[in-house]
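Trainee: PDB, C-alpha atoms, pLDDT in the B column, saved as structure.pdb, coming up:
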```pdb
ATOM      1  CA  MET A   1      -9.632  10.087  24.660  1.00 77.00           C
ATOM      2  CA  PRO A   2     -11.327   7.658  22.254  1.00 84.00           C
ATOM      3  CA  LEU A   3     -10.718   3.935  22.692  1.00 84.00           C
ATOM      4  CA  LEU A   4     -10.541   1.215  20.054  1.00 84.00           C
ATOM      5  CA  GLU A   5     -10.643  -2.552  20.510  1.00 83.00           C
ATOM      6  CA  THR A   6      -7.842  -3.963  18.365  1.00 82.00           C
ATOM      7  CA  ARG A   7      -6.660  -7.421  17.496  1.00 80.00           C
ATOM      8  CA  GLN A   8      -2.965  -6.641  17.982  1.00 77.00           C
ATOM      9  CA  PHE A   9      -3.015  -4.381  21.016  1.00 79.00           C
ATOM     10  CA  GLY A  10      -6.229  -5.027  22.914  1.00 82.00           C
ATOM     11  CA  THR A  11      -7.820  -1.735  23.915  1.00 88.00           C
ATOM     12  CA  LEU A  12      -5.950   1.146  22.344  1.00 85.00           C
ATOM     13  CA  GLU A  13      -6.366   4.703  23.567  1.00 87.00           C
ATOM     14  CA  TYR A  14      -5.569   7.415  21.046  1.00 90.00           C
ATOM     15  CA  ALA A  15      -5.720  11.164  20.602  1.00 91.00           C
ATOM     16  CA  HIS A  16      -7.780  12.777  17.838  1.00 91.00           C
ATOM     17  CA  GLU A  17      -4.619  14.592  16.708  1.00 92.00           C
ATOM     18  CA  SER A  18      -2.867  11.304  15.981  1.00 94.00           C
ATOM     19  CA  VAL A  19      -5.494  10.095  13.495  1.00 96.00           C
ATOM     20  CA  LEU A  20      -4.281   9.744   9.895  1.00 97.00           C
ATOM     21  CA  GLU A  21      -6.788  10.274   7.090  1.00 97.00           C
ATOM     22  CA  PHE A  22      -6.579   8.002   4.042  1.00 97.00           C
ATOM     23  CA  PRO A  23      -9.185   9.646   1.787  1.00 96.00           C
ATOM     24  CA  CYS A  24      -9.099   6.746  -0.729  1.00 94.00           C
ATOM     25  CA  GLY A  25      -8.501   3.930   1.747  1.00 96.00           C
ATOM     26  CA  MET A  26      -6.192   1.213   0.429  1.00 96.00           C
ATOM     27  CA  PRO A  27      -6.818  -1.336  -2.369  1.00 95.00           C
ATOM     28  CA  ALA A  28      -9.134  -4.035  -0.944  1.00 95.00           C
ATOM     29  CA  PHE A  29      -9.699  -1.748   2.058  1.00 97.00           C
ATOM     30  CA  GLU A  30     -11.327   1.230   0.350  1.00 95.00           C
ATOM     31  CA  ASP A  31     -13.721   1.797   3.275  1.00 96.00           C
ATOM     32  CA  HIS A  32     -10.865   2.179   5.728  1.00 97.00           C
ATOM     33  CA  THR A  33     -10.134   5.894   5.736  1.00 97.00           C
ATOM     34  CA  ARG A  34      -8.826   6.512   9.244  1.00 97.00           C
ATOM     35  CA  PHE A  35      -5.676   4.928  10.642  1.00 97.00           C
ATOM     36  CA  LEU A  36      -3.265   5.173  13.530  1.00 96.00           C
ATOM     37  CA  LEU A  37       0.456   4.556  13.230  1.00 95.00           C
ATOM     38  CA  VAL A  38       1.328   2.492  16.290  1.00 93.00           C
ATOM     39  CA  GLU A  39       4.944   2.520  17.397  1.00 92.00           C
ATOM     40  CA  LYS A  40       6.108   0.092  20.102  1.00 89.00           C
ATOM     41  CA  ASP A  41       9.627  -0.564  21.346  1.00 89.00           C
ATOM     42  CA  SER A  42       8.786  -4.265  21.486  1.00 88.00           C
ATOM     43  CA  ILE A  43       8.317  -4.453  17.686  1.00 90.00           C
ATOM     44  CA  ALA A  44      10.854  -1.825  16.488  1.00 89.00           C
ATOM     45  CA  PRO A  45      11.822  -1.154  13.748  1.00 92.00           C
ATOM     46  CA  PHE A  46       8.407  -2.383  12.582  1.00 94.00           C
ATOM     47  CA  LEU A  47       5.239  -0.378  13.121  1.00 95.00           C
ATOM     48  CA  PHE A  48       1.560  -1.101  12.858  1.00 95.00           C
ATOM     49  CA  LEU A  49      -0.855   0.829  10.700  1.00 96.00           C
ATOM     50  CA  GLN A  50      -4.085   0.217  12.590  1.00 95.00           C
ATOM     51  CA  SER A  51      -7.456   0.861  10.949  1.00 95.00           C
ATOM     52  CA  LEU A  52      -9.812   2.939  13.072  1.00 94.00           C
ATOM     53  CA  ASN A  53     -12.752   1.746  10.979  1.00 94.00           C
ATOM     54  CA  ASP A  54     -12.225  -1.836  12.146  1.00 92.00           C
ATOM     55  CA  GLY A  55     -10.032  -2.861  15.074  1.00 90.00           C
ATOM     56  CA  LEU A  56      -9.455  -6.245  13.424  1.00 90.00           C
ATOM     57  CA  VAL A  57      -7.693  -4.674  10.447  1.00 94.00           C
ATOM     58  CA  SER A  58      -4.064  -3.647  10.743  1.00 95.00           C
ATOM     59  CA  PHE A  59      -0.928  -3.790   8.637  1.00 96.00           C
ATOM     60  CA  LEU A  60       2.601  -4.499   9.750  1.00 96.00           C
ATOM     61  CA  VAL A  61       4.792  -1.871   8.076  1.00 97.00           C
ATOM     62  CA  LEU A  62       8.468  -0.987   7.838  1.00 97.00           C
ATOM     63  CA  PRO A  63      10.041   2.314   6.707  1.00 96.00           C
ATOM     64  CA  VAL A  64      11.240   1.667   3.143  1.00 95.00           C
ATOM     65  CA  LYS A  65      14.635   3.238   3.856  1.00 93.00           C
ATOM     66  CA  GLN A  66      15.302   0.243   6.108  1.00 92.00           C
ATOM     67  CA  ILE A  67      14.729  -2.081   3.182  1.00 92.00           C
ATOM     68  CA  ASP A  68      16.338  -0.056   0.403  1.00 91.00           C
ATOM     69  CA  PRO A  69      18.071   3.236   1.330  1.00 91.00           C
ATOM     70  CA  GLU A  70      17.940   4.245  -2.350  1.00 91.00           C
ATOM     71  CA  PHE A  71      14.181   3.784  -2.674  1.00 92.00           C
ATOM     72  CA  GLN A  72      12.417   6.706  -4.329  1.00 89.00           C
ATOM     73  CA  SER A  73       8.692   6.757  -4.870  1.00 90.00           C
ATOM     74  CA  VAL A  74       7.222   8.299  -8.006  1.00 89.00           C
ATOM     75  CA  LEU A  75       3.985  10.146  -7.337  1.00 89.00           C
ATOM     76  CA  GLU A  76       1.316  11.201  -9.793  1.00 86.00           C
ATOM     77  CA  PRO A  77       0.178  14.862  -9.686  1.00 87.00           C
ATOM     78  CA  GLU A  78      -3.179  13.754  -8.192  1.00 88.00           C
ATOM     79  CA  GLU A  79      -1.351  11.915  -5.419  1.00 91.00           C
ATOM     80  CA  LEU A  80       0.794  14.961  -4.598  1.00 91.00           C
ATOM     81  CA  GLU A  81      -2.342  17.054  -4.481  1.00 90.00           C
ATOM     82  CA  LEU A  82      -4.143  14.583  -2.221  1.00 92.00           C
ATOM     83  CA  LEU A  83      -1.204  14.563   0.189  1.00 91.00           C
ATOM     84  CA  GLY A  84      -1.012  18.352   0.081  1.00 88.00           C
ATOM     85  CA  VAL A  85       2.588  18.390  -1.069  1.00 84.00           C
ATOM     86  CA  GLY A  86       3.838  21.822  -2.105  1.00 76.00           C
ATOM     87  CA  SER A  87       7.254  23.137  -3.012  1.00 65.00           C
ATOM     88  CA  GLU A  88       8.692  23.116   0.514  1.00 68.00           C
ATOM     89  CA  PRO A  89      10.541  20.066   1.832  1.00 67.00           C
ATOM     90  CA  GLU A  90       7.708  17.973   3.206  1.00 75.00           C
ATOM     91  CA  PRO A  91       7.512  15.723   6.268  1.00 86.00           C
ATOM     92  CA  LEU A  92       6.669  12.660   4.171  1.00 91.00           C
ATOM     93  CA  ILE A  93       7.262   9.174   5.458  1.00 94.00           C
ATOM     94  CA  THR A  94       7.248   6.127   3.222  1.00 96.00           C
ATOM     95  CA  LEU A  95       6.321   2.702   4.559  1.00 98.00           C
ATOM     96  CA  ALA A  96       6.160  -0.748   3.012  1.00 97.00           C
ATOM     97  CA  VAL A  97       3.472  -3.269   3.933  1.00 97.00           C
ATOM     98  CA  VAL A  98       5.025  -6.471   5.290  1.00 97.00           C
ATOM     99  CA  THR A  99       3.619  -9.957   4.732  1.00 97.00           C
ATOM    100  CA  LEU A 100       4.663 -12.744   7.091  1.00 95.00           C
ATOM    101  CA  MET A 101       4.944 -16.409   6.191  1.00 90.00           C
ATOM    102  CA  PRO A 102       4.930 -19.104   8.862  1.00 88.00           C
ATOM    103  CA  GLY A 103       8.395 -20.671   8.630  1.00 87.00           C
ATOM    104  CA  GLY A 104       9.278 -18.457   5.654  1.00 89.00           C
ATOM    105  CA  VAL A 105      11.002 -15.200   4.864  1.00 92.00           C
ATOM    106  CA  PRO A 106       8.929 -12.055   5.506  1.00 95.00           C
ATOM    107  CA  THR A 107       8.408  -9.885   2.439  1.00 95.00           C
ATOM    108  CA  ALA A 108       7.716  -6.194   1.877  1.00 96.00           C
ATOM    109  CA  ASN A 109       5.597  -4.707  -0.897  1.00 95.00           C
ATOM    110  CA  LEU A 110       7.783  -2.070  -2.590  1.00 94.00           C
ATOM    111  CA  VAL A 111       5.411  -1.750  -5.562  1.00 93.00           C
ATOM    112  CA  ALA A 112       2.747  -0.180  -3.375  1.00 95.00           C
ATOM    113  CA  PRO A 113       4.398   1.971  -0.691  1.00 96.00           C
ATOM    114  CA  ILE A 114       2.305   3.900   1.799  1.00 97.00           C
ATOM    115  CA  LEU A 115       3.067   7.616   1.945  1.00 96.00           C
ATOM    116  CA  ILE A 116       2.036   9.707   4.901  1.00 96.00           C
ATOM    117  CA  HIS A 117       2.336  13.481   5.161  1.00 94.00           C
ATOM    118  CA  MET A 118       2.959  13.894   8.873  1.00 92.00           C
ATOM    119  CA  GLY A 119       2.145  17.608   8.720  1.00 90.00           C
ATOM    120  CA  ASN A 120      -1.298  17.223   7.149  1.00 91.00           C
ATOM    121  CA  ARG A 121      -1.785  13.733   8.590  1.00 94.00           C
ATOM    122  CA  ILE A 122      -2.935  12.464   5.201  1.00 95.00           C
ATOM    123  CA  GLY A 123      -1.891   9.138   3.772  1.00 96.00           C
ATOM    124  CA  LEU A 124      -2.281   7.022   0.671  1.00 96.00           C
ATOM    125  CA  GLN A 125      -1.016   3.825  -0.874  1.00 97.00           C
ATOM    126  CA  SER A 126       0.718   4.647  -4.124  1.00 95.00           C
ATOM    127  CA  ILE A 127       0.974   2.045  -6.872  1.00 91.00           C
ATOM    128  CA  GLN A 128       4.323   2.669  -8.521  1.00 89.00           C
ATOM    129  CA  PRO A 129       4.344   2.866 -12.331  1.00 79.00           C
ATOM    130  CA  ALA A 130       6.062  -0.043 -14.114  1.00 72.00           C
ATOM    131  CA  SER A 131       7.924  -0.677 -10.921  1.00 70.00           C
ATOM    132  CA  THR A 132      11.355  -2.222 -10.920  1.00 80.00           C
ATOM    133  CA  TYR A 133      10.653  -3.289  -7.337  1.00 88.00           C
ATOM    134  CA  SER A 134       8.894  -6.457  -6.218  1.00 89.00           C
ATOM    135  CA  HIS A 135       5.635  -6.675  -4.299  1.00 90.00           C
ATOM    136  CA  GLN A 136       7.308  -9.494  -2.384  1.00 92.00           C
ATOM    137  CA  THR A 137      10.774  -8.131  -1.592  1.00 93.00           C
ATOM    138  CA  PRO A 138      12.383 -10.488   0.942  1.00 93.00           C
ATOM    139  CA  LEU A 139      13.503  -8.869   4.194  1.00 92.00           C
ATOM    140  CA  ARG A 140      17.003  -9.729   5.214  1.00 80.00           C
ATOM    141  CA  ARG A 141      18.149  -9.920   8.769  1.00 70.00           C
ATOM    142  CA  GLU A 142      20.529  -6.928   8.742  1.00 60.00           C
ATOM    143  CA  GLU A 143      17.994  -4.711   6.988  1.00 47.00           C
ATOM    144  CA  GLY A 144      15.424  -5.119   9.705  1.00 47.00           C
ATOM    145  CA  ARG A 145      17.999  -4.049  12.241  1.00 48.00           C
ATOM    146  CA  CYS A 146      19.561  -0.870  10.889  1.00 47.00           C
TER     147      CYS A 146
ATOM    148  CA  MET B   1      -1.170 -13.508 -26.334  1.00 93.00           C
ATOM    149  CA  LEU B   2      -3.021 -11.897 -29.209  1.00 94.00           C
ATOM    150  CA  VAL B   3      -1.349  -8.655 -30.290  1.00 95.00           C
ATOM    151  CA  ILE B   4      -3.194  -6.149 -32.479  1.00 95.00           C
ATOM    152  CA  ARG B   5      -1.963  -2.810 -33.840  1.00 95.00           C
ATOM    153  CA  ARG B   6      -4.453   0.055 -33.481  1.00 95.00           C
ATOM    154  CA  ARG B   7      -4.456   3.806 -34.160  1.00 96.00           C
ATOM    155  CA  VAL B   8      -6.105   6.559 -32.151  1.00 97.00           C
ATOM    156  CA  GLY B   9      -9.872   6.325 -32.586  1.00 96.00           C
ATOM    157  CA  GLU B  10      -9.811   2.653 -33.522  1.00 97.00           C
ATOM    158  CA  SER B  11     -11.441  -0.008 -31.380  1.00 97.00           C
ATOM    159  CA  ILE B  12     -11.303  -3.642 -30.457  1.00 97.00           C
ATOM    160  CA  MET B  13     -14.359  -5.725 -29.594  1.00 97.00           C
ATOM    161  CA  ILE B  14     -14.147  -8.473 -26.977  1.00 96.00           C
ATOM    162  CA  GLY B  15     -17.231 -10.577 -27.433  1.00 95.00           C
ATOM    163  CA  ALA B  16     -20.356  -8.702 -28.465  1.00 95.00           C
ATOM    164  CA  GLU B  17     -20.540  -6.272 -25.565  1.00 96.00           C
ATOM    165  CA  ILE B  18     -17.065  -5.075 -24.631  1.00 97.00           C
ATOM    166  CA  GLU B  19     -15.370  -2.390 -26.684  1.00 97.00           C
ATOM    167  CA  LEU B  20     -11.913  -0.968 -26.071  1.00 97.00           C
ATOM    168  CA  GLN B  21     -11.180   2.255 -27.895  1.00 97.00           C
ATOM    169  CA  ILE B  22      -7.754   3.839 -28.150  1.00 97.00           C
ATOM    170  CA  THR B  23      -8.487   7.499 -27.391  1.00 97.00           C
ATOM    171  CA  ASP B  24      -5.001   8.978 -27.062  1.00 96.00           C
ATOM    172  CA  ILE B  25      -1.360   7.971 -27.359  1.00 96.00           C
ATOM    173  CA  SER B  26       1.643   9.790 -25.902  1.00 93.00           C
ATOM    174  CA  ALA B  27       5.311   8.864 -25.623  1.00 90.00           C
ATOM    175  CA  ASN B  28       4.843   6.192 -22.968  1.00 84.00           C
ATOM    176  CA  ARG B  29       1.115   6.004 -22.296  1.00 86.00           C
ATOM    177  CA  VAL B  30      -2.073   5.091 -24.055  1.00 93.00           C
ATOM    178  CA  LYS B  31      -5.499   6.284 -23.015  1.00 95.00           C
ATOM    179  CA  ILE B  32      -8.166   3.631 -23.437  1.00 96.00           C
ATOM    180  CA  GLY B  33     -11.919   4.104 -23.401  1.00 97.00           C
ATOM    181  CA  ILE B  34     -13.898   1.058 -22.294  1.00 97.00           C
ATOM    182  CA  VAL B  35     -17.526   0.305 -23.038  1.00 97.00           C
ATOM    183  CA  ALA B  36     -18.768  -2.715 -21.108  1.00 96.00           C
ATOM    184  CA  PRO B  37     -21.843  -3.951 -19.235  1.00 96.00           C
ATOM    185  CA  ARG B  38     -22.036  -2.777 -15.601  1.00 93.00           C
ATOM    186  CA  THR B  39     -21.617  -6.352 -14.420  1.00 93.00           C
ATOM    187  CA  VAL B  40     -18.082  -6.569 -15.839  1.00 91.00           C
ATOM    188  CA  LEU B  41     -15.442  -5.697 -13.258  1.00 87.00           C
ATOM    189  CA  ILE B  42     -12.728  -3.464 -14.692  1.00 88.00           C
ATOM    190  CA  LEU B  43      -9.554  -2.949 -12.667  1.00 83.00           C
ATOM    191  CA  ARG B  44      -6.067  -1.707 -13.345  1.00 84.00           C
ATOM    192  CA  LYS B  45      -4.047  -4.884 -12.874  1.00 85.00           C
ATOM    193  CA  GLU B  46      -1.575  -3.310 -10.452  1.00 84.00           C
ATOM    194  CA  ILE B  47      -4.468  -2.218  -8.217  1.00 89.00           C
ATOM    195  CA  GLN B  48      -5.742  -5.778  -8.192  1.00 90.00           C
ATOM    196  CA  LEU B  49      -2.254  -7.030  -7.262  1.00 90.00           C
ATOM    197  CA  ALA B  50      -2.031  -4.437  -4.493  1.00 93.00           C
ATOM    198  CA  ALA B  51      -5.468  -5.477  -3.227  1.00 95.00           C
ATOM    199  CA  GLU B  52      -4.478  -9.141  -3.127  1.00 95.00           C
ATOM    200  CA  GLN B  53      -1.191  -8.329  -1.403  1.00 95.00           C
ATOM    201  CA  ASN B  54      -2.937  -6.086   1.158  1.00 97.00           C
ATOM    202  CA  LEU B  55      -5.411  -8.856   2.000  1.00 97.00           C
ATOM    203  CA  ALA B  56      -2.627 -11.409   2.348  1.00 96.00           C
ATOM    204  CA  ALA B  57      -0.528  -9.011   4.454  1.00 96.00           C
ATOM    205  CA  SER B  58      -3.324  -8.088   6.840  1.00 95.00           C
ATOM    206  CA  GLN B  59      -4.169 -11.755   7.423  1.00 94.00           C
ATOM    207  CA  SER B  60      -0.559 -12.882   7.752  1.00 94.00           C
ATOM    208  CA  VAL B  61       0.109 -11.193  11.070  1.00 92.00           C
ATOM    209  CA  THR B  62      -0.689 -13.538  13.960  1.00 89.00           C
ATOM    210  CA  ILE B  63       0.817 -14.028  17.400  1.00 87.00           C
ATOM    211  CA  GLU B  64       2.850 -16.916  15.990  1.00 89.00           C
ATOM    212  CA  THR B  65       4.208 -15.149  12.904  1.00 91.00           C
ATOM    213  CA  MET B  66       4.983 -11.997  14.953  1.00 90.00           C
ATOM    214  CA  ASP B  67       6.960 -14.068  17.480  1.00 89.00           C
ATOM    215  CA  GLU B  68       8.860 -15.643  14.626  1.00 90.00           C
ATOM    216  CA  LEU B  69       9.535 -12.251  13.012  1.00 90.00           C
ATOM    217  CA  LEU B  70      10.744 -10.573  16.200  1.00 89.00           C
ATOM    218  CA  SER B  71      13.013 -13.488  17.050  1.00 87.00           C
ATOM    219  CA  GLN B  72      14.806 -12.826  13.736  1.00 85.00           C
ATOM    220  CA  PHE B  73      14.551  -9.085  13.156  1.00 82.00           C
ATOM    221  CA  GLY B  74      14.201  -7.079  16.264  1.00 70.00           C
ATOM    222  CA  PRO B  75      13.776  -5.252  18.473  1.00 65.00           C
ATOM    223  CA  ARG B  76      17.186  -3.672  18.349  1.00 54.00           C
ATOM    224  CA  GLY B  77      19.945  -4.662  20.742  1.00 42.00           C
TER     225      GLY B  77
END
```
Taking this structure as input, can you express it in the form of structure tokens?
Mentor:
Amino acid sequence: MPLLETRQFGTLEYAHESVLEFPCGMPAFEDHTRFLLVEKDSIAPFLFLQSLNDGLVSFLVLPVKQIDPEFQSVLEPEELELLGVGSEPEPLITLAVVTLMPGGVPTANLVAPILIHMGNRIGLQSIQPASTYSHQTPLRREEGRC
Amino acid sequence: MLVIRRRVGESIMIGAEIELQITDISANRVKIGIVAPRTVLILRKEIQLAAEQNLAASQSVTIETMDELLSQFGPRG
């Protein structure tokens, strides 16, 4: 199995089947098109989205339902097409990128959620239109725990 | 902020080289055509915000901030 040197996890071994394709990368990280979603008991409920293009690049993420159970993303037709979403109920997961602040409250970006189609293993970061959410939504203690 | 009313097909010049043309209007969207020199960076503002936030987020995770986070938020139990 391929190995990757990462900043967060040292040497990470992964299976080809677990690779997620981000055809457009992410804003500021357009060249990063292959990621792994790393799940560890020691950091639950948080996860890491680890770039396979550069082991030094990773994002701490949290399922949006843990932050706001009512959260609904609005996707453009091109985004639905990229993800391969059809009419069937789809195995889509929605994650928010978390920013940490030394001595401060961690925040989650709900304006730009990451959507991953776990069937097709395709992901994208979707900028929400005229969002009512904040790109720096504070995480509260209980929310990280549910 | 300068506010100017324009109709479809009308333009605005910014300096001598940048032209913004209103090409289409619908209920809640306008389509804008932009003519500008190649050296001028044109970005949807929300993409720029997302880019800045992604950079900040990816650099914010260190051993210290992770320890601090996990002492407050998890893991469960």
Trainee: Taking all atoms listed in the file into account, what are the residues of chain B at most 7 Å from chain A, put as a ChimeraX atom specification?
Mentor: /B:46-47,50-51,54-58,60-61,65,70,72-76
Trainee: Hey, can you spit out that residue selection with C-alpha atoms as a JSON list (two decimals), keeping the file's coordinate frame?
Mentor:
```
[["chain", "number", "residue", "atom", "x", "y", "z"],
["B", 46, "GLU", "CA", -1.58, -3.31, -10.45],
["B", 47, "ILE", "CA", -4.47, -2.22, -8.22],
["B", 50, "ALA", "CA", -2.03, -4.44, -4.49],
["B", 51, "ALA", "CA", -5.47, -5.48, -3.23],
["B", 54, "ASN", "CA", -2.94, -6.09, 1.16],
["B", 55, "LEU", "CA", -5.41, -8.86, 2.00],
["B", 56, "ALA", "CA", -2.63, -11.41, 2.35],
["B", 57, "ALA", "CA", -0.53, -9.01, 4.45],
["B", 58, "SER", "CA", -3.32, -8.09, 6.84],
["B", 60, "SER", "CA", -0.56, -12.88, 7.75],
["B", 61, "VAL", "CA", 0.11, -11.19, 11.07],
["B", 65, "THR", "CA", 4.21, -15.15, 12.90],
["B", 70, "LEU", "CA", 10.74, -10.57, 16.20],
["B", 72, "GLN", "CA", 14.81, -12.83, 13.74],
["B", 73, "PHE", "CA", 14.55, -9.09, 13.16],
["B", 74, "GLY", "CA", 14.20, -7.08, 16.26],
["B", 75, "PRO", "CA", 13.78, -5.25, 18.47],
["B", 76, "ARG", "CA", 17.19, -3.67, 18.35]]
```
Trainee: Since I can't run it myself right now, could you work out what the PyMOL selection byres ((chain B and resi 24) around 12) selects here and report it as a PDB file with C-alpha atoms, in the coordinates of the input?
Mentor:
```pdb
ATOM      1  CA  ARG B   6      -4.453   0.055 -33.481  1.00 95.00           C
ATOM      2  CA  ARG B   7      -4.456   3.806 -34.160  1.00 96.00           C
ATOM      3  CA  VAL B   8      -6.105   6.559 -32.151  1.00 97.00           C
ATOM      4  CA  GLY B   9      -9.872   6.325 -32.586  1.00 96.00           C
ATOM      5  CA  GLU B  10      -9.811   2.653 -33.522  1.00 97.00           C
ATOM      6  CA  SER B  11     -11.441  -0.008 -31.380  1.00 97.00           C
ATOM      7  CA  GLN B  21     -11.180   2.255 -27.895  1.00 97.00           C
ATOM      8  CA  ILE B  22      -7.754   3.839 -28.150  1.00 97.00           C
ATOM      9  CA  THR B  23      -8.487   7.499 -27.391  1.00 97.00           C
ATOM     10  CA  ILE B  25      -1.360   7.971 -27.359  1.00 96.00           C
ATOM     11  CA  SER B  26       1.643   9.790 -25.902  1.00 93.00           C
ATOM     12  CA  ALA B  27       5.311   8.864 -25.623  1.00 90.00           C
ATOM     13  CA  ASN B  28       4.843   6.192 -22.968  1.00 84.00           C
ATOM     14  CA  ARG B  29       1.115   6.004 -22.296  1.00 86.00           C
ATOM     15  CA  VAL B  30      -2.073   5.091 -24.055  1.00 93.00           C
ATOM     16  CA  LYS B  31      -5.499   6.284 -23.015  1.00 95.00           C
ATOM     17  CA  ILE B  32      -8.166   3.631 -23.437  1.00 96.00           C
ATOM     18  CA  GLY B  33     -11.919   4.104 -23.401  1.00 97.00           C
TER      19      GLY B  33
END
```
Trainee: May I have the residues within 12 Å of Leu2 (chain B) as a list in words, using only C-alpha atoms and disregarding those fewer than 2 positions away in the same chain?
Mentor: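 Returned residues: Ile4, Arg5, Ile12 and Ile14 of chain B.
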Trainee: Would you mind listing what lies within 7 Å of Leu4 (chain A) as JSON, numbers by chain, with only C-alpha atoms counted and same-chain residues fewer than 6 positions away left out?
Mentor: {"A": [11, 12, 13, 55]}
Trainee: Might you spell out which residues the PyMOL selection byres ((chain A and resi 51) around 8) would select in the displayed file, as a list in words?
Mentor: His32, Thr33, Arg34, Phe35, Leu36, Leu49, Gln50, Leu52, Asn53, Asp54, Gly55, Leu56, Val57 and Ser58 of chain A
Trainee: Okay, now the selection with C-alpha atoms, as a PDB file, keeping the file's coordinate frame?
Mentor:
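That gives us part_3.pdb:
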```pdb
ATOM      1  CA  HIS A  32     -10.865   2.179   5.728  1.00 97.00           C
ATOM      2  CA  THR A  33     -10.134   5.894   5.736  1.00 97.00           C
ATOM      3  CA  ARG A  34      -8.826   6.512   9.244  1.00 97.00           C
ATOM      4  CA  PHE A  35      -5.676   4.928  10.642  1.00 97.00           C
ATOM      5  CA  LEU A  36      -3.265   5.173  13.530  1.00 96.00           C
ATOM      6  CA  LEU A  49      -0.855   0.829  10.700  1.00 96.00           C
ATOM      7  CA  GLN A  50      -4.085   0.217  12.590  1.00 95.00           C
ATOM      8  CA  LEU A  52      -9.812   2.939  13.072  1.00 94.00           C
ATOM      9  CA  ASN A  53     -12.752   1.746  10.979  1.00 94.00           C
ATOM     10  CA  ASP A  54     -12.225  -1.836  12.146  1.00 92.00           C
ATOM     11  CA  GLY A  55     -10.032  -2.861  15.074  1.00 90.00           C
ATOM     12  CA  LEU A  56      -9.455  -6.245  13.424  1.00 90.00           C
ATOM     13  CA  VAL A  57      -7.693  -4.674  10.447  1.00 94.00           C
ATOM     14  CA  SER A  58      -4.064  -3.647  10.743  1.00 95.00           C
TER      15      SER A  58
END
```
Trainee: List the residues matched by the PyMOL selection byres ((chain A and resi 115) around 7) in the displayed structure as a PyMOL selection string, ordered by chain and then by residue number.
Mentor: chain A and resi 92-95+113-114+116-117+123-125
Trainee: Can you spit out the residues from that selection as a short mmCIF file (atom, residue, chain, number, x, y, z; two decimals), in the coordinates of the input, using C-alpha atoms?
Mentor:
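So the final result, stored in selection_35.cif, reads:
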```
data_model
loop_
_atom_site.label_atom_id
_atom_site.label_comp_id
_atom_site.auth_asym_id
_atom_site.auth_seq_id
_atom_site.Cartn_x
_atom_site.Cartn_y
_atom_site.Cartn_z
CA LEU A 92 6.67 12.66 4.17
CA ILE A 93 7.26 9.17 5.46
CA THR A 94 7.25 6.13 3.22
CA LEU A 95 6.32 2.70 4.56
CA PRO A 113 4.40 1.97 -0.69
CA ILE A 114 2.31 3.90 1.80
CA ILE A 116 2.04 9.71 4.90
CA HIS A 117 2.34 13.48 5.16
CA GLY A 123 -1.89 9.14 3.77
CA LEU A 124 -2.28 7.02 0.67
CA GLN A 125 -1.02 3.82 -0.87
#
```
Trainee: As an exercise, work out the distance from CA of Ser134 (chain A) to CA of Ser73 (chain A) in Å and give it to one decimal place.
Mentor: 13.3 Å
Trainee: Counting all atoms listed in the file, which of A:Leu47, A:Cys24, A:Leu3, A:Ala15 gets nearest to Ala96 (chain A)?
Mentor: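 Ranking A:Leu47, A:Cys24, A:Leu3, A:Ala15 by distance to Ala96 (chain A), first place goes to A:Leu47.
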Trainee: Report the distance between CA of Arg44 (chain B) and CA of Leu20 (chain B) in Å, rounded to one decimal place.
Mentor: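 One can read the CA of Arg44 (chain B) to CA of Leu20 (chain B) distance as 14.0 Å.
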Trainee: Using the atoms already present, construct N, CA and C atoms for region 34-43 of chain B and hand them back as a compact mmCIF listing (two decimals), in the coordinates of the input.
Mentor:
```txt
# COMPACT_ATOMS: atom_id res chain seq x y z
N ILE B 34 -13.32 2.40 -22.40
CA ILE B 34 -13.90 1.06 -22.29
C ILE B 34 -15.42 1.16 -22.23
N VAL B 35 -16.07 0.43 -23.12
CA VAL B 35 -17.53 0.30 -23.04
C VAL B 35 -17.81 -1.14 -22.68
N ALA B 36 -18.49 -1.35 -21.55
CA ALA B 36 -18.77 -2.72 -21.11
C ALA B 36 -20.02 -2.72 -20.24
N PRO B 37 -20.68 -3.87 -20.13
CA PRO B 37 -21.84 -3.95 -19.24
C PRO B 37 -21.42 -3.67 -17.80
N ARG B 38 -22.33 -3.12 -16.99
CA ARG B 38 -22.04 -2.78 -15.60
C ARG B 38 -21.53 -3.96 -14.78
N THR B 39 -21.96 -5.16 -15.20
CA THR B 39 -21.62 -6.35 -14.42
C THR B 39 -20.15 -6.78 -14.60
N VAL B 40 -19.47 -6.19 -15.59
CA VAL B 40 -18.08 -6.57 -15.84
C VAL B 40 -17.16 -5.72 -14.95
N LEU B 41 -16.37 -6.39 -14.15
CA LEU B 41 -15.44 -5.70 -13.26
C LEU B 41 -14.21 -5.26 -14.05
N ILE B 42 -13.90 -3.97 -13.98
CA ILE B 42 -12.73 -3.46 -14.69
C ILE B 42 -11.76 -2.89 -13.66
N LEU B 43 -10.55 -3.39 -13.65
CA LEU B 43 -9.55 -2.95 -12.67
C LEU B 43 -8.21 -2.78 -13.35
```
